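Source file: start21.cif. Holds: mmCIF, C-alpha atoms.
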```cif
data_model
loop_
_atom_site.label_atom_id
_atom_site.label_comp_id
_atom_site.auth_asym_id
_atom_site.auth_seq_id
_atom_site.Cartn_x
_atom_site.Cartn_y
_atom_site.Cartn_z
CA MET H 1 -16.54 -0.91 -15.24
CA ASP H 2 -15.29 -0.08 -18.69
CA PRO H 3 -11.79 -1.55 -19.25
CA LYS H 4 -11.21 0.94 -22.07
CA LEU H 5 -11.23 3.71 -19.46
CA ILE H 6 -8.23 2.31 -17.59
CA ASN H 7 -5.22 4.57 -18.04
CA TRP H 8 -2.32 2.09 -17.87
CA ALA H 9 0.29 4.82 -17.54
CA ALA H 10 -1.58 6.05 -14.47
CA VAL H 11 -1.65 2.47 -13.14
CA VAL H 12 2.15 2.27 -13.40
CA VAL H 13 2.62 5.69 -11.75
CA ALA H 14 0.15 4.76 -9.00
CA ALA H 15 2.05 1.52 -8.39
CA LEU H 16 5.35 3.42 -8.24
CA SER H 17 3.84 5.86 -5.77
CA SER H 18 3.58 3.05 -3.23
CA PHE H 19 7.38 2.75 -3.37
CA LEU H 20 7.70 6.47 -2.66
CA VAL H 21 5.28 6.26 0.26
CA GLY H 22 6.93 3.08 1.56
CA GLY H 23 10.39 4.58 1.27
CA ILE H 24 9.32 7.48 3.46
CA TRP H 25 6.97 5.52 5.76
CA TYR H 26 9.47 2.81 6.65
CA SER H 27 12.49 5.16 6.80
CA PRO H 28 14.26 6.36 9.94
CA VAL H 29 12.42 9.67 9.48
CA LEU H 30 9.11 8.00 10.33
CA PHE H 31 8.62 4.40 11.49
CA ALA H 32 11.75 2.32 10.72
CA LYS H 33 12.93 2.01 14.29
CA ALA H 34 9.52 1.05 15.68
CA TRP H 35 8.81 -1.33 12.79
CA VAL H 36 12.14 -3.14 13.22
CA ALA H 37 11.69 -3.36 17.00
CA ASP H 38 8.10 -4.61 16.88
CA ASN H 39 9.00 -7.22 14.27
CA LYS H 40 11.89 -8.34 16.48
CA LEU H 41 14.39 -7.81 13.67
CA ASP H 42 17.91 -6.44 13.65
CA GLU H 43 20.32 -5.12 11.01
CA ALA H 44 21.62 -8.62 10.25
CA ASP H 45 18.07 -9.83 9.56
CA LEU H 46 17.42 -6.91 7.24
CA LYS H 47 20.70 -7.39 5.36
CA ALA H 48 20.03 -11.12 4.97
CA GLY H 49 16.78 -10.47 3.08
CA ASN H 50 16.76 -11.13 -0.66
CA LYS H 51 16.35 -7.56 -1.97
CA LEU H 52 15.62 -8.63 -5.54
CA LYS H 53 12.83 -10.92 -4.36
CA ILE H 54 11.44 -8.39 -1.88
CA PHE H 55 11.40 -5.40 -4.23
CA GLY H 56 10.48 -7.46 -7.30
CA MET H 57 7.45 -9.03 -5.63
CA THR H 58 6.54 -5.67 -4.09
CA ALA H 59 6.52 -4.15 -7.58
CA ILE H 60 4.26 -6.93 -8.86
CA PHE H 61 1.84 -6.64 -5.94
CA SER H 62 1.80 -2.84 -6.25
CA LEU H 63 0.88 -3.17 -9.93
CA ILE H 64 -1.87 -5.64 -9.06
CA MET H 65 -3.28 -3.29 -6.41
CA ALA H 66 -3.15 -0.28 -8.75
CA ALA H 67 -4.72 -2.21 -11.64
CA ASN H 68 -7.45 -3.56 -9.36
CA LEU H 69 -8.23 -0.09 -8.04
CA ALA H 70 -8.18 1.27 -11.60
CA ALA H 71 -10.72 -1.38 -12.61
CA PHE H 72 -13.07 -0.21 -9.87
CA LEU H 73 -12.57 3.38 -10.99
CA ALA H 74 -13.01 2.67 -14.72
CA ASP H 75 -16.06 4.86 -15.09
CA ALA H 76 -16.51 8.08 -17.03
CA LYS H 77 -17.63 9.88 -13.86
CA THR H 78 -14.41 9.13 -11.97
CA ASP H 79 -12.50 12.24 -10.91
CA LEU H 80 -9.87 13.21 -8.34
CA ALA H 81 -12.38 13.33 -5.47
CA TRP H 82 -13.91 9.92 -6.19
CA GLY H 83 -10.51 8.36 -6.89
CA THR H 84 -9.17 9.63 -3.57
CA GLU H 85 -12.26 8.46 -1.70
CA ALA H 86 -12.20 5.03 -3.35
CA GLY H 87 -8.49 4.68 -2.56
CA ALA H 88 -9.13 5.60 1.07
CA LEU H 89 -11.99 3.07 1.26
CA ALA H 90 -9.70 0.40 -0.19
CA GLY H 91 -7.09 1.44 2.37
CA ILE H 92 -9.58 0.99 5.21
CA TRP H 93 -10.42 -2.43 3.82
CA THR H 94 -6.76 -3.51 3.73
CA PHE H 95 -6.05 -1.88 7.10
CA SER H 96 -8.81 -4.05 8.55
CA ALA H 97 -7.38 -7.19 6.93
CA ILE H 98 -3.89 -6.38 8.23
CA ALA H 99 -5.29 -5.74 11.71
CA THR H 100 -7.24 -9.00 11.74
CA MET H 101 -4.23 -11.12 10.75
CA SER H 102 -1.89 -9.19 13.04
CA LEU H 103 -4.12 -9.70 16.07
CA PHE H 104 -3.98 -13.47 15.58
CA GLU H 105 -0.19 -13.19 15.13
CA LEU H 106 -0.07 -11.34 18.47
CA LYS H 107 1.47 -8.25 16.87
CA SER H 108 1.48 -4.96 18.73
CA TRP H 109 -1.08 -2.25 18.08
CA ARG H 110 1.81 0.02 17.12
CA LEU H 111 2.84 -2.39 14.35
CA ILE H 112 -0.77 -2.77 13.22
CA PHE H 113 -1.05 1.01 12.87
CA ILE H 114 2.32 1.30 11.12
CA ASN H 115 1.52 -1.36 8.50
CA GLY H 116 -2.18 -0.55 8.21
CA GLY H 117 -1.43 3.16 8.03
CA TYR H 118 0.99 2.58 5.16
CA SER H 119 -1.72 0.69 3.30
CA LEU H 120 -4.27 3.43 3.93
CA VAL H 121 -1.98 6.26 2.82
CA SER H 122 -0.58 4.34 -0.15
CA LEU H 123 -3.97 3.33 -1.54
CA THR H 124 -5.41 6.80 -0.99
CA LEU H 125 -2.58 8.25 -3.07
CA MET H 126 -3.04 5.55 -5.71
CA GLY H 127 -6.72 6.41 -5.94
CA ALA H 128 -5.95 10.13 -6.24
CA ILE H 129 -3.52 9.47 -9.08
CA LEU H 130 -5.92 7.17 -10.89
CA GLY H 131 -8.86 9.54 -10.40
CA ALA H 132 -6.99 12.65 -11.49
CA TRP H 133 -5.19 11.10 -14.45
CA ARG H 134 -8.05 9.90 -16.59
#
```

Represent the structure contained in this file as structure tokens.
Amino acid sequence: MDPKLINWAAVVVAALSSFLVGGIWYSPVLFAKAWVADNKLDEADLKAGNKLKIFGMTAIFSLIMAANLAAFLADAKTDLAWGTEAGALAGIWTFSAIATMSLFELKSWRLIFINGGYSLVSLTLMGAILGAWR
């Protein structure tokens, strides 16, 4: 790893991409209804959430994930293909962690695949951005 090879603008864009993916993934177009049902939430629960805290901490964690992935990709040989592959591998890793915790929490397989799938897709896109934008 060569920290001088980290493109911090790409890290920020990669982190923002997780908001785009999440906005689509957890929208009514895709998985919102199933996610709400499997989490046993309703509209009142969702409205009661502290949006500043939720989105603020999400932004911080997205930046941490993107910076961490960028550190692993900080090599002169990194390109779009390797960035995408590394992102997908990181996504499999986090999918597995989500699945492990969710099984102990007695969550449904549908919820495991919704949340784990988001992680897989989001990190794959992050890796593609970081790999392409060197």

**Option closest in space to H:Lys33, from H:Leu80, H:Leu111, H:Val12, H:Leu89 [counting all atoms listed in the file]** = H:Leu111

**Request:** Just say which residues the PyMOL selection byres ((chain H and resi 64) around 12) picks in this file, as a list of chain:residue names.
**Result:**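 The output of the PyMOL selection byres ((chain H and resi 64) around 12) on this file is H:Trp8, H:Val11, H:Val12, H:Ala14, H:Ala15, H:Leu16, H:Ser18, H:Met57, H:Thr58, H:Ala59, H:Ile60, H:Phe61, H:Ser62, H:Leu63, H:Met65, H:Ala66, H:Ala67, H:Asn68, H:Leu69, H:Ala70, H:Ala71, H:Leu123, H:Met126.
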
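Between atom CA of H:Gly91 and atom CA of H:Lys40 there is a distance of 25.6 Å.
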
Using only C-alpha atoms and a cutoff of 10 Å, can you tell me which residues are near (-6.6, 7.1, -6.6) in the file's coordinates, and write them out as a PDB file with C-alpha atoms, in the frame of the given file?
```pdb
ATOM      1  CA  ALA H  10      -1.580   6.050 -14.470  1.00  0.00           C
ATOM      2  CA  VAL H  11      -1.650   2.470 -13.140  1.00  0.00           C
ATOM      3  CA  ALA H  14       0.150   4.760  -9.000  1.00  0.00           C
ATOM      4  CA  ALA H  66      -3.150  -0.280  -8.750  1.00  0.00           C
ATOM      5  CA  LEU H  69      -8.230  -0.090  -8.040  1.00  0.00           C
ATOM      6  CA  ALA H  70      -8.180   1.270 -11.600  1.00  0.00           C
ATOM      7  CA  LEU H  73     -12.570   3.380 -10.990  1.00  0.00           C
ATOM      8  CA  THR H  78     -14.410   9.130 -11.970  1.00  0.00           C
ATOM      9  CA  ASP H  79     -12.500  12.240 -10.910  1.00  0.00           C
ATOM     10  CA  LEU H  80      -9.870  13.210  -8.340  1.00  0.00           C
ATOM     11  CA  ALA H  81     -12.380  13.330  -5.470  1.00  0.00           C
ATOM     12  CA  TRP H  82     -13.910   9.920  -6.190  1.00  0.00           C
ATOM     13  CA  GLY H  83     -10.510   8.360  -6.890  1.00  0.00           C
ATOM     14  CA  THR H  84      -9.170   9.630  -3.570  1.00  0.00           C
ATOM     15  CA  GLU H  85     -12.260   8.460  -1.700  1.00  0.00           C
ATOM     16  CA  ALA H  86     -12.200   5.030  -3.350  1.00  0.00           C
ATOM     17  CA  GLY H  87      -8.490   4.680  -2.560  1.00  0.00           C
ATOM     18  CA  ALA H  88      -9.130   5.600   1.070  1.00  0.00           C
ATOM     19  CA  ALA H  90      -9.700   0.400  -0.190  1.00  0.00           C
ATOM     20  CA  SER H 122      -0.580   4.340  -0.150  1.00  0.00           C
ATOM     21  CA  LEU H 123      -3.970   3.330  -1.540  1.00  0.00           C
ATOM     22  CA  THR H 124      -5.410   6.800  -0.990  1.00  0.00           C
ATOM     23  CA  LEU H 125      -2.580   8.250  -3.070  1.00  0.00           C
ATOM     24  CA  MET H 126      -3.040   5.550  -5.710  1.00  0.00           C
ATOM     25  CA  GLY H 127      -6.720   6.410  -5.940  1.00  0.00           C
ATOM     26  CA  ALA H 128      -5.950  10.130  -6.240  1.00  0.00           C
ATOM     27  CA  ILE H 129      -3.520   9.470  -9.080  1.00  0.00           C
ATOM     28  CA  LEU H 130      -5.920   7.170 -10.890  1.00  0.00           C
ATOM     29  CA  GLY H 131      -8.860   9.540 -10.400  1.00  0.00           C
ATOM     30  CA  ALA H 132      -6.990  12.650 -11.490  1.00  0.00           C
ATOM     31  CA  TRP H 133      -5.190  11.100 -14.450  1.00  0.00           C
TER      32      TRP H 133
END
```

Can I get the residues of stretch 7-85 of chain H within 12 Å of stretch 95-107 of chain H, each with the closest pair of atoms and their distance in Å to one decimal, using all atoms listed in the file, sorted chain first then ascending number, as CSV?
```
residue,atom,partner,partner_atom,distance
H:Trp35,CA,H:Lys107,CA,10.9
H:Ala37,CA,H:Lys107,CA,11.3
H:Asp38,CA,H:Lys107,CA,7.6
H:Asn39,CA,H:Lys107,CA,8.0
H:Lys40,CA,H:Lys107,CA,10.4
```

**Message:** Can you measure atom CA of H:Gly23 to atom CA of H:Tyr118 for me? One decimal in Å is fine.
**Reply:**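 The value is 10.4 Å.
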
**Asked** For H:Phe55, which of H:Phe31, H:Glu43, H:Val13, H:Gly22 is the closest residue, counting only C-alpha atoms?
**Response**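 Of the candidates, the smallest distance to H:Phe55 is held by H:Gly22.
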
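Taking atom CA of H:Gly49 and atom CA of H:Leu30 as endpoints, the distance between them is 21.3 Å.
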
Padding 8 Å on each side, edges along x, y and z: where is the centre of the box around the listed atoms of stretch 34-37 of chain H, and how long are its edges in Å to one decimal? Output it as AutoDock Vina command-line options.
```
--center_x 10.5 --center_y -1.2 --center_z 14.9 --size_x 19.3 --size_y 20.4 --size_z 20.2
```

**Asked** Smallest atom-to-atom distance to H:Thr94: which of H:Arg110, H:Val121, H:Asp42, H:Trp25, using all atoms listed in the file?
**Response** H:Val121

**Message:** My list of candidates is H:Ile92, H:Leu46, H:Tyr26, H:Arg134. Which is closest to H:Gly116 when distances are computed with all atoms listed in the file?
**Reply:**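 Nearest candidate to H:Gly116 out of H:Ile92, H:Leu46, H:Tyr26, H:Arg134: H:Ile92.
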